[in-house]
Amino acid sequence: MISFVLEVEDLADTRFAVSPLRETVVSLRVLQDPGLSALHLPWRRSVLGRLGVLDTGLLMSLVAARRTLPDFLTPRPTSFAPAFEEELAVVRRTSPRTVRRDLLATHVPDPLPEALRDATAAADAAVIALRDALCELLRQYWEIAIEPMWAQIRLLLEADMTYRARQLAVGGPRLLFADMHPNLRWQDGVLHIEKMISRYRVAASGRGLLLLPSVFAHKPAPPVSPEEPPALSYPSRGVATLWTPAPTPDAAALVALLGAPRARLLALLDEPLPTVEIARRFRVTPSAVSQHLRVLHATGLLTRARDGRQVLYRRSPLGDQLAGQHHPHPLASP
């Protein structure tokens with residue numbers, strides 16, 4: 001069991017963050033072991049088909065037999081939602097001593113995988129080369145596996161944080177942790193994380209507590225090392241909805257919602273067109289088209305941009321969804 005002792009000041013400094021790098025690293029568990037979550041099987045199948053020439057041996061060596069991960073690859077976010085490259089820059093500055101320590105701690109009591117063994121046993125230059133190779137590999141993996149779905153993932157994580165913040169406001173830390181996960185227990189100012197392989201008890205001592213909802217976490221995950229500030233990654237709510245394909249729009253319902261002229265106009269604008277050209281195609285006056293364009297633009301269904309003396313209109317991503325003209329889904333087969 002791992003326990004965080006939280007004083008009043010630590011509770012006051014409890015905050016949430018979204019970490020694209022952490023999601024990228026934690027997703028490796030699911031990639032390695034599909035049995036962790038059947039919900040992620042559509043994502044996993046899609047990613048396995050697109051990894052190509054990536055060094056998957058080195059990538060998978062980061063996940064220990066007990067499913068722990070190196071702490072240095074998931075640095076504590078310093079802002080609410082840092083960019084992936086911003087977090088990766090922190091990892092690139094990790095000292096060789098910390099890289100070596102975290103890799104060994106991650107795999108203990110097992111020996112290091114062959115892909116990591118030689119570099120960690122060599123001089124610091126070899127450890128630095130390994131660190132930089134891991135950073136580049138994770139960047140490539142992020143672009144393939146996580147970035148295409150990051151907008152949807154982030155919305156889901158922020159929805160979870162909104163719910164948790166309300167729980168904290170209504171019932172304090174007891175209610176906050178009550179339904180976060182069965183392995184969490186709040187008692188007398190101490191947050192207990194049960195069924196952990198590592199065992200330590202650490203006082204926050206004014207460092208607060210960082211909470212990180214995660215799409216790919218299957219259970220609460222504090223840092224492997226007690227030297228790290230208190231932080232907790234935990235499974236987010238609503239993950240079952242993430243990989244579900246959007247329902248196919250009903251054309252009749254779209255007409256009922258927008259009216260026939262605006263529905264036809266929305267269907268037409270999959271390419272940028274000026275008002276006069278739209279009016280020509282519909283055989284109506286430009287002024288008749290303009291009023292419909294203004295309404296569709298005001299509701300976010302169209303975008304517009306000036307090209308010389310003309311204004312060009314085109315469906316927005318929201319308009320694409322409503323019209324059923326989706327861009328290729330990130331989980332579609334290549």
# chains A, B, ... in the order shown; residues from 1 in each chain; ligands from 1
>>> residues_around(residues="Asp179 of chain A", least_positions_apart="5", cutoff="10 Å", atoms="only C-alpha atoms", output="number ranges by chain")
A: 164, 167, 174, 184-185
>>> select_by_dssp(residues="segment 8-182 of chain A", states="helix (DSSP H, G or I)", output="number ranges by chain")
A: 8-12, 20-32, 34-36, 38-48, 56-60, 71-73, 84-92, 96-107, 114-121, 124-145, 147-178
>>> residues_around(residues="segment 51-64 of chain A", least_positions_apart="5", cutoff="10 Å", atoms="only C-alpha atoms", output="PyMOL selection string")
chain A and resi 25-26+28-29+31-32+46+69-70+73+103-116+130+133-134+137-138+140-141+144-145
>>> decode(residues="segment 146-160 of chain A", atoms="all heavy atoms", output="PDB file, in the first residue's frame")
ATOM      1  N   ILE A 146      -1.630   8.634 -30.472  1.00  0.00           N
ATOM      2  CA  ILE A 146      -2.419   9.465 -29.546  1.00  0.00           C
ATOM      3  C   ILE A 146      -2.847  10.784 -30.164  1.00  0.00           C
ATOM      4  O   ILE A 146      -4.007  11.193 -30.032  1.00  0.00           O
ATOM      5  CB  ILE A 146      -1.620   9.743 -28.248  1.00  0.00           C
ATOM      6  CG1 ILE A 146      -1.117   8.425 -27.633  1.00  0.00           C
ATOM      7  CG2 ILE A 146      -2.483  10.492 -27.248  1.00  0.00           C
ATOM      8  CD1 ILE A 146      -2.208   7.468 -27.219  1.00  0.00           C
ATOM      9  N   GLU A 147      -1.959  11.459 -30.844  1.00  0.00           N
ATOM     10  CA  GLU A 147      -2.275  12.800 -31.355  1.00  0.00           C
ATOM     11  C   GLU A 147      -3.531  12.847 -32.223  1.00  0.00           C
ATOM     12  O   GLU A 147      -4.327  13.787 -32.094  1.00  0.00           O
ATOM     13  CB  GLU A 147      -1.082  13.372 -32.112  1.00  0.00           C
ATOM     14  CG  GLU A 147      -1.274  14.840 -32.500  1.00  0.00           C
ATOM     15  CD  GLU A 147      -0.066  15.407 -33.219  1.00  0.00           C
ATOM     16  OE1 GLU A 147       0.675  14.631 -33.866  1.00  0.00           O
ATOM     17  OE2 GLU A 147       0.142  16.634 -33.137  1.00  0.00           O
ATOM     18  N   PRO A 148      -3.777  11.865 -33.119  1.00  0.00           N
ATOM     19  CA  PRO A 148      -4.988  11.949 -33.938  1.00  0.00           C
ATOM     20  C   PRO A 148      -6.284  11.976 -33.138  1.00  0.00           C
ATOM     21  O   PRO A 148      -7.299  12.483 -33.618  1.00  0.00           O
ATOM     22  CB  PRO A 148      -4.912  10.679 -34.806  1.00  0.00           C
ATOM     23  CG  PRO A 148      -3.461  10.357 -34.868  1.00  0.00           C
ATOM     24  CD  PRO A 148      -2.932  10.735 -33.522  1.00  0.00           C
ATOM     25  N   MET A 149      -6.267  11.435 -31.911  1.00  0.00           N
ATOM     26  CA  MET A 149      -7.464  11.396 -31.078  1.00  0.00           C
ATOM     27  C   MET A 149      -7.363  12.319 -29.872  1.00  0.00           C
ATOM     28  O   MET A 149      -8.226  12.290 -28.988  1.00  0.00           O
ATOM     29  CB  MET A 149      -7.703   9.960 -30.581  1.00  0.00           C
ATOM     30  CG  MET A 149      -8.132   8.991 -31.671  1.00  0.00           C
ATOM     31  SD  MET A 149      -9.752   9.404 -32.354  1.00  0.00           S
ATOM     32  CE  MET A 149     -10.807   9.060 -30.962  1.00  0.00           C
ATOM     33  N   TRP A 150      -6.312  13.147 -29.815  1.00  0.00           N
ATOM     34  CA  TRP A 150      -6.064  13.914 -28.602  1.00  0.00           C
ATOM     35  C   TRP A 150      -7.192  14.891 -28.273  1.00  0.00           C
ATOM     36  O   TRP A 150      -7.536  15.077 -27.100  1.00  0.00           O
ATOM     37  CB  TRP A 150      -4.728  14.649 -28.678  1.00  0.00           C
ATOM     38  CG  TRP A 150      -4.460  15.435 -27.418  1.00  0.00           C
ATOM     39  CD1 TRP A 150      -4.351  16.781 -27.288  1.00  0.00           C
ATOM     40  CD2 TRP A 150      -4.314  14.899 -26.100  1.00  0.00           C
ATOM     41  NE1 TRP A 150      -4.142  17.123 -25.978  1.00  0.00           N
ATOM     42  CE2 TRP A 150      -4.113  15.994 -25.223  1.00  0.00           C
ATOM     43  CE3 TRP A 150      -4.325  13.614 -25.575  1.00  0.00           C
ATOM     44  CZ2 TRP A 150      -3.936  15.821 -23.849  1.00  0.00           C
ATOM     45  CZ3 TRP A 150      -4.149  13.444 -24.213  1.00  0.00           C
ATOM     46  CH2 TRP A 150      -3.954  14.542 -23.366  1.00  0.00           C
ATOM     47  N   ALA A 151      -7.790  15.516 -29.270  1.00  0.00           N
ATOM     48  CA  ALA A 151      -8.870  16.472 -28.995  1.00  0.00           C
ATOM     49  C   ALA A 151     -10.016  15.779 -28.261  1.00  0.00           C
ATOM     50  O   ALA A 151     -10.548  16.306 -27.276  1.00  0.00           O
ATOM     51  CB  ALA A 151      -9.361  17.104 -30.291  1.00  0.00           C
ATOM     52  N   GLN A 152     -10.409  14.588 -28.726  1.00  0.00           N
ATOM     53  CA  GLN A 152     -11.489  13.851 -28.071  1.00  0.00           C
ATOM     54  C   GLN A 152     -11.076  13.381 -26.682  1.00  0.00           C
ATOM     55  O   GLN A 152     -11.863  13.424 -25.733  1.00  0.00           O
ATOM     56  CB  GLN A 152     -11.898  12.638 -28.916  1.00  0.00           C
ATOM     57  CG  GLN A 152     -12.530  13.000 -30.251  1.00  0.00           C
ATOM     58  CD  GLN A 152     -11.524  13.036 -31.383  1.00  0.00           C
ATOM     59  OE1 GLN A 152     -10.436  13.618 -31.248  1.00  0.00           O
ATOM     60  NE2 GLN A 152     -11.875  12.422 -32.506  1.00  0.00           N
ATOM     61  N   ILE A 153      -9.827  12.910 -26.557  1.00  0.00           N
ATOM     62  CA  ILE A 153      -9.332  12.441 -25.260  1.00  0.00           C
ATOM     63  C   ILE A 153      -9.334  13.583 -24.249  1.00  0.00           C
ATOM     64  O   ILE A 153      -9.795  13.431 -23.114  1.00  0.00           O
ATOM     65  CB  ILE A 153      -7.919  11.845 -25.404  1.00  0.00           C
ATOM     66  CG1 ILE A 153      -7.982  10.516 -26.176  1.00  0.00           C
ATOM     67  CG2 ILE A 153      -7.272  11.630 -24.040  1.00  0.00           C
ATOM     68  CD1 ILE A 153      -6.625   9.948 -26.521  1.00  0.00           C
ATOM     69  N   ARG A 154      -8.842  14.737 -24.671  1.00  0.00           N
ATOM     70  CA  ARG A 154      -8.773  15.872 -23.742  1.00  0.00           C
ATOM     71  C   ARG A 154     -10.168  16.306 -23.281  1.00  0.00           C
ATOM     72  O   ARG A 154     -10.360  16.615 -22.100  1.00  0.00           O
ATOM     73  CB  ARG A 154      -8.039  17.051 -24.388  1.00  0.00           C
ATOM     74  CG  ARG A 154      -8.020  18.272 -23.495  1.00  0.00           C
ATOM     75  CD  ARG A 154      -7.072  19.334 -23.941  1.00  0.00           C
ATOM     76  NE  ARG A 154      -7.283  20.552 -23.175  1.00  0.00           N
ATOM     77  CZ  ARG A 154      -6.497  21.605 -23.204  1.00  0.00           C
ATOM     78  NH1 ARG A 154      -5.409  21.611 -23.963  1.00  0.00           N
ATOM     79  NH2 ARG A 154      -6.759  22.686 -22.481  1.00  0.00           N
ATOM     80  N   LEU A 155     -11.144  16.336 -24.185  1.00  0.00           N
ATOM     81  CA  LEU A 155     -12.506  16.694 -23.788  1.00  0.00           C
ATOM     82  C   LEU A 155     -13.037  15.733 -22.738  1.00  0.00           C
ATOM     83  O   LEU A 155     -13.688  16.148 -21.772  1.00  0.00           O
ATOM     84  CB  LEU A 155     -13.423  16.682 -25.014  1.00  0.00           C
ATOM     85  CG  LEU A 155     -13.309  17.880 -25.958  1.00  0.00           C
ATOM     86  CD1 LEU A 155     -14.178  17.651 -27.190  1.00  0.00           C
ATOM     87  CD2 LEU A 155     -13.724  19.172 -25.256  1.00  0.00           C
ATOM     88  N   LEU A 156     -12.772  14.448 -22.904  1.00  0.00           N
ATOM     89  CA  LEU A 156     -13.231  13.454 -21.944  1.00  0.00           C
ATOM     90  C   LEU A 156     -12.567  13.665 -20.582  1.00  0.00           C
ATOM     91  O   LEU A 156     -13.221  13.603 -19.532  1.00  0.00           O
ATOM     92  CB  LEU A 156     -12.927  12.051 -22.467  1.00  0.00           C
ATOM     93  CG  LEU A 156     -13.551  10.932 -21.647  1.00  0.00           C
ATOM     94  CD1 LEU A 156     -14.658  10.246 -22.438  1.00  0.00           C
ATOM     95  CD2 LEU A 156     -12.502   9.895 -21.258  1.00  0.00           C
ATOM     96  N   LEU A 157     -11.258  13.932 -20.588  1.00  0.00           N
ATOM     97  CA  LEU A 157     -10.528  14.140 -19.335  1.00  0.00           C
ATOM     98  C   LEU A 157     -11.019  15.399 -18.621  1.00  0.00           C
ATOM     99  O   LEU A 157     -11.163  15.422 -17.397  1.00  0.00           O
ATOM    100  CB  LEU A 157      -9.029  14.236 -19.605  1.00  0.00           C
ATOM    101  CG  LEU A 157      -8.375  12.989 -20.211  1.00  0.00           C
ATOM    102  CD1 LEU A 157      -6.896  13.234 -20.470  1.00  0.00           C
ATOM    103  CD2 LEU A 157      -8.560  11.783 -19.306  1.00  0.00           C
ATOM    104  N   GLU A 158     -11.293  16.454 -19.376  1.00  0.00           N
ATOM    105  CA  GLU A 158     -11.766  17.689 -18.759  1.00  0.00           C
ATOM    106  C   GLU A 158     -13.175  17.514 -18.199  1.00  0.00           C
ATOM    107  O   GLU A 158     -13.526  18.119 -17.176  1.00  0.00           O
ATOM    108  CB  GLU A 158     -11.708  18.832 -19.764  1.00  0.00           C
ATOM    109  CG  GLU A 158     -10.283  19.241 -20.102  1.00  0.00           C
ATOM    110  CD  GLU A 158     -10.216  20.470 -20.988  1.00  0.00           C
ATOM    111  OE1 GLU A 158     -11.273  21.050 -21.297  1.00  0.00           O
ATOM    112  OE2 GLU A 158      -9.096  20.856 -21.370  1.00  0.00           O
ATOM    113  N   ALA A 159     -14.000  16.679 -18.843  1.00  0.00           N
ATOM    114  CA  ALA A 159     -15.325  16.396 -18.305  1.00  0.00           C
ATOM    115  C   ALA A 159     -15.209  15.665 -16.967  1.00  0.00           C
ATOM    116  O   ALA A 159     -15.963  15.941 -16.024  1.00  0.00           O
ATOM    117  CB  ALA A 159     -16.131  15.557 -19.297  1.00  0.00           C
ATOM    118  N   ASP A 160     -14.255  14.757 -16.863  1.00  0.00           N
ATOM    119  CA  ASP A 160     -14.028  14.057 -15.594  1.00  0.00           C
ATOM    120  C   ASP A 160     -13.594  15.041 -14.510  1.00  0.00           C
ATOM    121  O   ASP A 160     -14.075  14.986 -13.375  1.00  0.00           O
ATOM    122  CB  ASP A 160     -12.958  12.974 -15.770  1.00  0.00           C
ATOM    123  CG  ASP A 160     -12.653  12.261 -14.464  1.00  0.00           C
ATOM    124  OD1 ASP A 160     -11.783  12.748 -13.698  1.00  0.00           O
ATOM    125  OD2 ASP A 160     -13.281  11.225 -14.203  1.00  0.00           O
TER     126      ASP A 160
END
